[in-house]
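Raw data28.cif, mmCIF, C-alpha atoms and all ligand atoms:
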```cif
data_model
#
loop_
_atom_site.label_atom_id
_atom_site.label_comp_id
_atom_site.auth_asym_id
_atom_site.auth_seq_id
_atom_site.Cartn_x
_atom_site.Cartn_y
_atom_site.Cartn_z
CA MET A 21 1.25 -18.90 1.94
CA LYS A 22 2.91 -16.98 4.80
CA ILE A 23 2.20 -13.35 3.92
CA THR A 24 3.37 -10.37 5.92
CA VAL A 25 1.73 -6.98 5.66
CA LEU A 26 4.10 -4.29 6.89
CA GLY A 27 1.80 -1.59 8.23
CA THR A 28 -1.08 -1.30 10.66
CA GLY A 29 -2.95 1.50 8.84
CA GLY A 30 -6.25 1.21 7.04
CA GLY A 31 -4.64 -0.20 3.90
CA GLY A 32 -2.62 -2.80 5.75
CA ARG A 33 -5.71 -3.91 7.63
CA ALA A 34 -7.69 -4.29 4.40
CA HIS A 35 -5.02 -6.61 2.98
CA ALA A 36 -4.59 -8.56 6.21
CA ALA A 37 -8.32 -9.23 6.61
CA ARG A 38 -8.77 -10.30 2.99
CA LEU A 39 -5.65 -12.50 3.02
CA LEU A 40 -6.92 -14.25 6.14
CA GLN A 41 -10.25 -14.81 4.38
CA LEU A 42 -8.37 -16.31 1.42
CA GLY A 43 -6.73 -18.84 3.73
CA HIS A 44 -3.22 -17.37 4.08
CA GLU A 45 -1.11 -17.22 7.24
CA VAL A 46 -1.07 -13.51 7.96
CA VAL A 47 1.37 -11.47 10.02
CA VAL A 48 1.13 -7.68 10.33
CA GLY A 49 4.29 -5.66 10.99
CA THR A 50 4.53 -2.60 13.24
CA ARG A 51 7.26 -0.54 14.97
CA ASP A 52 6.59 -1.94 18.44
CA SER A 53 3.82 -4.48 18.87
CA GLU A 54 3.32 -3.74 22.57
CA VAL A 55 2.91 -0.03 21.89
CA THR A 56 0.57 -0.68 18.98
CA LEU A 57 -1.62 -3.07 20.99
CA GLY A 58 -1.62 -0.63 23.91
CA ARG A 59 -3.14 2.21 21.87
CA THR A 60 -6.66 3.18 22.91
CA GLU A 61 -7.31 6.22 20.71
CA PRO A 62 -8.13 6.36 16.97
CA ASN A 63 -5.14 7.40 14.80
CA PHE A 64 -4.90 10.69 12.87
CA MET A 65 -7.03 9.18 10.10
CA GLY A 66 -9.74 8.42 12.68
CA ILE A 67 -9.37 4.64 12.45
CA GLU A 68 -9.85 2.51 15.54
CA PRO A 69 -6.89 1.27 17.58
CA PHE A 70 -5.27 -1.81 16.05
CA GLY A 71 -5.94 -3.97 19.13
CA GLN A 72 -9.68 -3.37 18.87
CA TRP A 73 -9.69 -4.04 15.15
CA VAL A 74 -7.64 -7.23 15.26
CA ALA A 75 -9.88 -8.75 17.95
CA ASP A 76 -12.36 -9.43 15.12
CA TYR A 77 -9.70 -11.33 13.13
CA PRO A 78 -8.36 -14.17 15.24
CA GLY A 79 -5.42 -15.63 13.37
CA ILE A 80 -3.77 -12.35 12.39
CA GLU A 81 -0.50 -12.00 14.28
CA LEU A 82 1.21 -8.70 15.08
CA MET A 83 5.02 -8.52 15.22
CA ASN A 84 7.75 -5.90 15.01
CA PHE A 85 8.67 -5.06 11.42
CA GLY A 86 11.88 -7.16 11.31
CA ASP A 87 10.40 -10.30 12.86
CA ALA A 88 7.31 -9.97 10.68
CA ALA A 89 9.43 -9.80 7.52
CA ALA A 90 11.77 -12.60 8.59
CA GLY A 91 9.10 -15.32 8.54
CA ALA A 92 7.36 -14.18 5.35
CA GLU A 93 7.23 -15.83 1.94
CA PHE A 94 5.62 -12.75 0.38
CA VAL A 95 5.55 -9.19 1.72
CA ILE A 96 3.19 -6.26 1.23
CA ASN A 97 4.52 -2.82 2.12
CA GLY A 98 1.99 -0.45 3.70
CA ILE A 99 4.37 1.71 5.74
CA ASP A 100 3.70 5.44 5.65
CA GLY A 101 5.47 6.75 2.53
CA ALA A 102 7.73 9.25 4.31
CA ASN A 103 9.20 6.50 6.51
CA ALA A 104 9.10 3.43 4.27
CA VAL A 105 12.65 3.59 2.83
CA ARG A 106 14.26 4.07 6.24
CA VAL A 107 12.27 1.25 7.86
CA LEU A 108 12.71 -1.18 4.96
CA SER A 109 16.46 -0.45 4.70
CA GLY A 110 16.80 -1.42 8.36
CA ILE A 111 15.22 -4.85 7.77
CA ALA A 112 16.70 -5.46 4.29
CA GLU A 113 18.31 -8.75 5.33
CA HIS A 114 14.85 -10.20 6.08
CA LEU A 115 13.50 -9.13 2.69
CA ALA A 116 16.32 -10.51 0.54
CA GLY A 117 15.07 -12.82 -2.20
CA LYS A 118 11.41 -12.01 -1.46
CA THR A 119 8.72 -10.34 -3.49
CA VAL A 120 7.70 -7.03 -1.92
CA MET A 121 4.45 -5.57 -3.23
CA ASP A 122 4.53 -1.86 -2.45
CA TYR A 123 1.39 0.30 -2.43
CA ALA A 124 2.78 3.29 -0.50
CA VAL A 125 2.52 6.89 -1.72
CA PRO A 126 5.41 9.27 -0.92
CA TYR A 127 3.14 11.84 0.71
CA VAL A 128 4.55 14.64 2.81
CA TYR A 129 1.77 16.01 4.98
CA ASN A 130 1.28 19.71 5.72
CA PRO A 131 3.88 20.85 3.21
CA GLU A 132 4.86 24.50 3.16
CA ARG A 133 3.93 25.41 -0.40
CA ALA A 134 3.33 28.71 -2.12
CA HIS A 135 0.10 27.48 -3.71
CA PRO A 136 -1.61 25.05 -1.31
CA TRP A 137 -4.42 22.85 -2.61
CA PRO A 138 -7.25 22.92 -0.05
CA THR A 139 -9.18 19.64 0.13
CA PRO A 140 -12.14 18.41 2.23
CA TRP A 141 -9.57 16.84 4.61
CA GLY A 142 -6.89 19.54 4.76
CA VAL A 143 -4.13 20.71 2.44
CA MET A 144 -3.20 18.15 -0.21
CA PRO A 145 0.05 16.45 0.80
CA ALA A 146 3.07 16.98 -1.45
CA LEU A 147 4.71 14.12 -3.33
CA ASP A 148 8.40 13.63 -2.54
CA PRO A 149 10.08 12.16 -4.52
CA VAL A 150 8.18 13.06 -7.64
CA ASP A 151 8.69 13.30 -11.40
CA HIS A 152 12.38 12.29 -11.66
CA ASP A 153 12.25 9.52 -9.02
CA SER A 154 9.65 7.56 -7.09
CA LEU A 155 9.20 5.75 -3.81
CA GLY A 156 8.95 2.45 -5.67
CA GLU A 157 12.40 3.02 -7.20
CA GLN A 158 13.84 4.21 -3.88
CA ILE A 159 12.59 1.05 -2.19
CA GLN A 160 14.05 -1.18 -4.93
CA ARG A 161 17.41 0.63 -4.63
CA ALA A 162 17.31 0.24 -0.84
CA LEU A 163 16.51 -3.48 -1.20
CA PRO A 164 18.69 -4.65 -4.09
CA ALA A 165 18.22 -8.32 -3.13
CA ALA A 166 14.42 -8.07 -2.96
CA LYS A 167 11.98 -8.03 -5.89
CA VAL A 168 9.85 -4.91 -5.56
CA VAL A 169 6.55 -4.67 -7.43
CA LYS A 170 4.58 -1.45 -7.28
CA ALA A 171 0.88 -2.33 -7.25
CA GLY A 172 -2.36 -1.16 -5.73
CA VAL A 173 -1.12 2.39 -5.31
CA THR A 174 -3.78 3.84 -7.65
CA GLN A 175 -6.69 2.73 -5.44
CA GLU A 176 -8.06 2.66 -1.91
CA GLN A 177 -6.82 -0.66 -0.54
CA GLU A 178 -10.41 -1.64 0.39
CA THR A 179 -11.05 -1.61 -3.37
CA VAL A 180 -7.74 -3.32 -4.16
CA VAL A 181 -8.71 -6.29 -2.01
CA ASN A 182 -12.31 -6.32 -3.26
CA PRO A 183 -12.49 -4.89 -6.81
CA GLN A 184 -16.05 -6.18 -7.29
CA SER A 185 -17.20 -3.54 -4.81
CA VAL A 186 -16.80 -0.92 -7.59
CA GLY A 187 -18.55 -1.27 -10.95
CA GLY A 188 -18.78 -5.03 -10.60
CA GLY A 189 -14.97 -5.17 -10.83
CA ASP A 190 -14.77 -3.84 -14.42
CA HIS A 191 -11.69 -1.66 -13.91
CA THR A 192 -7.91 -1.82 -14.25
CA MET A 193 -5.13 -2.54 -11.77
CA PHE A 194 -1.56 -1.51 -12.60
CA ILE A 195 1.71 -3.18 -11.66
CA ALA A 196 5.38 -2.34 -12.33
CA GLY A 197 8.70 -3.92 -11.39
CA GLU A 198 11.95 -5.42 -12.65
CA ASP A 199 11.36 -9.11 -11.92
CA ALA A 200 8.96 -11.04 -14.15
CA GLY A 201 8.49 -13.85 -11.61
CA ALA A 202 7.64 -11.39 -8.84
CA LYS A 203 5.14 -9.63 -11.09
CA GLU A 204 3.52 -13.01 -11.81
CA GLN A 205 3.25 -13.66 -8.07
CA VAL A 206 1.65 -10.25 -7.49
CA THR A 207 -0.72 -10.76 -10.43
CA GLU A 208 -1.76 -14.12 -8.98
CA LEU A 209 -2.59 -12.45 -5.68
CA LEU A 210 -4.50 -9.66 -7.44
CA ARG A 211 -6.49 -12.28 -9.36
CA ALA A 212 -7.30 -14.00 -6.08
CA TYR A 213 -8.58 -10.62 -4.82
CA GLY A 214 -10.83 -10.53 -7.90
CA TRP A 215 -8.96 -8.42 -10.47
CA GLN A 216 -9.59 -9.43 -14.08
CA ASP A 217 -7.68 -6.61 -15.80
CA VAL A 218 -4.10 -6.32 -14.51
CA LEU A 219 -1.96 -4.09 -16.73
CA ASP A 220 1.84 -4.49 -16.47
CA LEU A 221 3.40 -1.04 -16.94
CA GLY A 222 6.89 -2.51 -17.27
CA PRO A 223 9.93 -1.58 -15.16
CA ILE A 224 9.88 -0.07 -11.69
CA VAL A 225 10.44 3.41 -13.17
CA SER A 226 6.72 3.35 -14.05
CA SER A 227 6.12 3.84 -10.30
CA ARG A 228 6.60 7.53 -11.08
CA GLY A 229 3.39 7.70 -13.07
CA MET A 230 1.52 5.43 -10.68
CA GLU A 231 2.44 7.53 -7.65
CA MET A 232 1.84 10.87 -9.39
CA TYR A 233 -1.65 9.63 -10.30
CA ALA A 234 -2.49 9.97 -6.58
CA HIS A 235 -3.32 13.64 -7.12
CA MET A 236 -5.63 12.85 -10.05
CA HIS A 237 -7.29 10.09 -8.06
CA SER A 238 -7.99 12.58 -5.27
CA ALA A 239 -9.31 15.20 -7.70
CA ILE A 240 -11.77 12.70 -9.20
CA GLN A 241 -12.84 11.55 -5.77
CA PHE A 242 -13.52 15.13 -4.64
CA ALA A 243 -15.64 15.64 -7.77
CA LEU A 244 -17.59 12.47 -6.90
CA GLY A 245 -18.22 13.67 -3.34
CA GLY A 246 -15.85 11.10 -1.86
CA ALA A 247 -17.31 8.04 -3.59
CA ARG A 248 -15.07 5.12 -4.47
CA PHE A 249 -14.43 4.59 -8.16
CA GLY A 250 -12.22 2.60 -10.50
CA MET A 251 -10.15 3.48 -13.54
CA LYS A 252 -10.57 1.42 -16.69
CA VAL A 253 -8.07 1.47 -19.53
CA ILE A 254 -10.07 1.05 -22.73
CA ARG A 255 -8.05 -0.40 -25.58
N1 LIG A 301 -5.05 3.43 2.82
C1 LIG A 301 -5.18 3.32 1.52
O1 LIG A 301 -6.23 2.90 1.00
C2 LIG A 301 -4.05 3.71 0.60
C3 LIG A 301 -4.26 3.70 -0.78
C4 LIG A 301 -3.20 3.95 -1.64
C5 LIG A 301 -1.97 4.28 -1.08
N2 LIG A 301 -1.81 4.37 0.27
C6 LIG A 301 -0.50 4.72 0.81
O2 LIG A 301 0.04 3.56 1.43
C7 LIG A 301 0.83 3.89 2.57
C8 LIG A 301 0.23 3.20 3.79
O3 LIG A 301 -1.08 3.66 3.97
P1 LIG A 301 -2.04 3.08 5.10
O4 LIG A 301 -3.24 3.94 5.07
O5 LIG A 301 -2.19 1.62 4.97
O6 LIG A 301 -1.21 3.30 6.44
P2 LIG A 301 -0.56 4.63 7.11
O7 LIG A 301 -1.44 5.04 8.23
O8 LIG A 301 -0.19 5.63 6.09
O9 LIG A 301 0.81 4.01 7.68
C9 LIG A 301 0.76 3.09 8.68
C10 LIG A 301 2.11 2.46 8.97
O10 LIG A 301 3.21 3.38 8.87
C11 LIG A 301 4.01 3.24 10.05
N3 LIG A 301 4.66 4.49 10.40
C12 LIG A 301 4.08 5.71 10.55
N4 LIG A 301 4.98 6.62 10.95
C13 LIG A 301 6.17 5.95 11.09
C14 LIG A 301 7.47 6.32 11.50
N5 LIG A 301 7.77 7.59 11.86
N6 LIG A 301 8.43 5.38 11.51
C15 LIG A 301 8.16 4.10 11.15
N7 LIG A 301 6.92 3.68 10.76
C16 LIG A 301 5.95 4.60 10.73
C17 LIG A 301 3.04 2.84 11.13
O11 LIG A 301 3.74 2.16 12.16
P3 LIG A 301 2.99 1.65 13.50
O12 LIG A 301 2.28 0.38 13.11
O13 LIG A 301 4.11 1.42 14.43
O14 LIG A 301 2.07 2.74 13.93
C18 LIG A 301 2.08 1.94 10.40
O15 LIG A 301 2.49 0.59 10.42
C19 LIG A 301 0.79 5.41 2.64
O16 LIG A 301 1.93 5.90 1.95
C20 LIG A 301 -0.48 5.78 1.89
O17 LIG A 301 -0.42 7.08 1.35
C21 LIG A 301 -2.81 4.07 1.12
#
```
Would it be possible to restate this file's structure as C-alpha cells?
Amino acid sequence: MKITVLGTGGGGRAHAARLLQLGHEVVVGTRDSEVTLGRTEPNFMGIEPFGQWVADYPGIELMNFGDAAAGAEFVINGIDGANAVRVLSGIAEHLAGKTVMDYAVPYVYNPERAHPWPTPWGVMPALDPVDHDSLGEQIQRALPAAKVVKAGVTQEQETVVNPQSVGGGDHTMFIAGEDAGAKEQVTELLRAYGWQDVLDLGPIVSSRGMEMYAHMHSAIQFALGGARFGMKVIR
C-alpha cells in the first residue's frame, strides 16, 4: 500500500522504517523537503538530522506535506501536536476520503503554570486541548471528509511498531474513531506491526482519555527509570 507518514520526528521515523520493512511504499511528509534534508544538527530531542537517518532506508521518499498526502492511500499523522490542526487543515483536500491514523499529543512545551511538574527532561508540557476536547477531535473536525482514527498515542512509537519488544507483546493498544472501516484498516496495520490485543474505545471523543493518559504514561516511565513498558487491560 502507498502509506504516507506526515512527520519527520522520532515517531514518524519509527513508522516509516517499519512500514518499509513490511513491504509498503513509504513517503514521509515535512514542511520543506530541501530544508529538512539540509539540516546537519540534531533536533531539540537530540535525534540525528533526517538526511543522515534516511540514508539507511533507501526507498523512503521525503516530500512536502501536501504532496506527500496527495499520493497516499493511508496516512499516519506524526506532526507536532501544537501545529497539527493548522498543517492538516491546509492540506485537507489531499486527505479527503482517506484514513488518517493520528498518534499526536497536544503538548504545549514550556508552559507558564503556577505548579510546574519538574521531570528528568524539563518541565512537563501542558495538554491543550484537554478534558473537554482533544486533538483527535479537532483533527476530525478540521478534516470532515477524512476518517480519523486515534491510535498509538499511549505508547512510544518504537513500541507501537514493534510491540514484541516489550513483555513479548502481551499488552494493549487502543484505537478510537467514527468510521468502522477506517478502524478496521488501522487494526489491520497494528496487527501487521504485531499487536494481538487492540481495544476499540469507540468514537473519536475517546481521544480525550487517550491523550490525557500521556501524563500517566510519563509518570510510570519516570518511576521505571525511563524504561519502556506496556499497558495491559485485564478483563
Ligand atoms: N515520538 C513518540 O514516540 C511519540 C509517542 C506518542 C505520541 N507522540 C506525539 O506525536 C507527535 C509527533 O511526535 P514525533 O516525536 O514523531 O515528532 P515531533 O518531533 O513532535 O514532530 C515532528 C514533526 O512536526 C513538524 N513540525 C514541528 N513544528 C512545526 C511547525 N511550527 N509547523 C509545522 N510543522 C511543524 C515537523 O516538521 P519538519 O519535518 O518540517 O521539521 C515534523 O515533521 C507529537 O505530538 C508527540 O507528542 C510521539
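Proximity of A:Ala104, A:Met21, A:Ala37, A:Glu157 to Tyr213 (chain A), computed with only C-alpha atoms, is greatest for A:Ala37.
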Within-7 Å residues of ligand LIG 301 (chain A), basis all atoms listed in the file, as a count of residues only: 31
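Interatomic distance, CA of Phe249 (chain A) to CA of Val186 (chain A): 6.0 Å.
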Write out, as a tab-separated table, each residue of region 137-251 of chain A that has an atom at most 9 Å from region 110-114 of chain A, together with the closest pair of atoms and their distance in Å to one decimal, counting only C-alpha atoms, rows going by chain and rising number.
```
residue	atom	partner	partner_atom	distance
A:Ala162	CA	A:Ala112	CA	7.7
A:Leu163	CA	A:Ala112	CA	5.8
A:Pro164	CA	A:Ala112	CA	8.7
A:Ala165	CA	A:Ala112	CA	8.1
A:Ala166	CA	A:Ala112	CA	8.0
```
Counting only C-alpha atoms, the residue of A:Gly187, A:Gly58, A:Gly246, A:Gly201 that sits nearest Pro140 (chain A):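 That would be A:Gly246, the residue with the smallest distance to Pro140 (chain A).
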Interatomic distance (Å, one decimal) between CA of Lys22 (chain A) and CA of Glu45 (chain A): 4.7 Å
Straight-line distance linking CA of Thr119 (chain A) with CA of Val169 (chain A), stated in Å to one decimal: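 Value for the CA of Thr119 (chain A)-CA of Val169 (chain A) distance: 7.2 Å.
Neighbours of Asp153 (chain A) closer than or equal to 10 Å, with only C-alpha atoms counted and sequence neighbours fewer than 4 positions away skipped, come out as A:Asp148, A:Pro149, A:Glu157, A:Gln158, A:Val225, A:Ser226, A:Ser227, A:Arg228, A:Gly229.
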Best match for closeness to Asp122 (chain A) among A:Ala75, A:Met65, A:Ala34, A:Val105, counting only C-alpha atoms: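 Counting only C-alpha atoms, the residue closest to Asp122 (chain A) is A:Val105.
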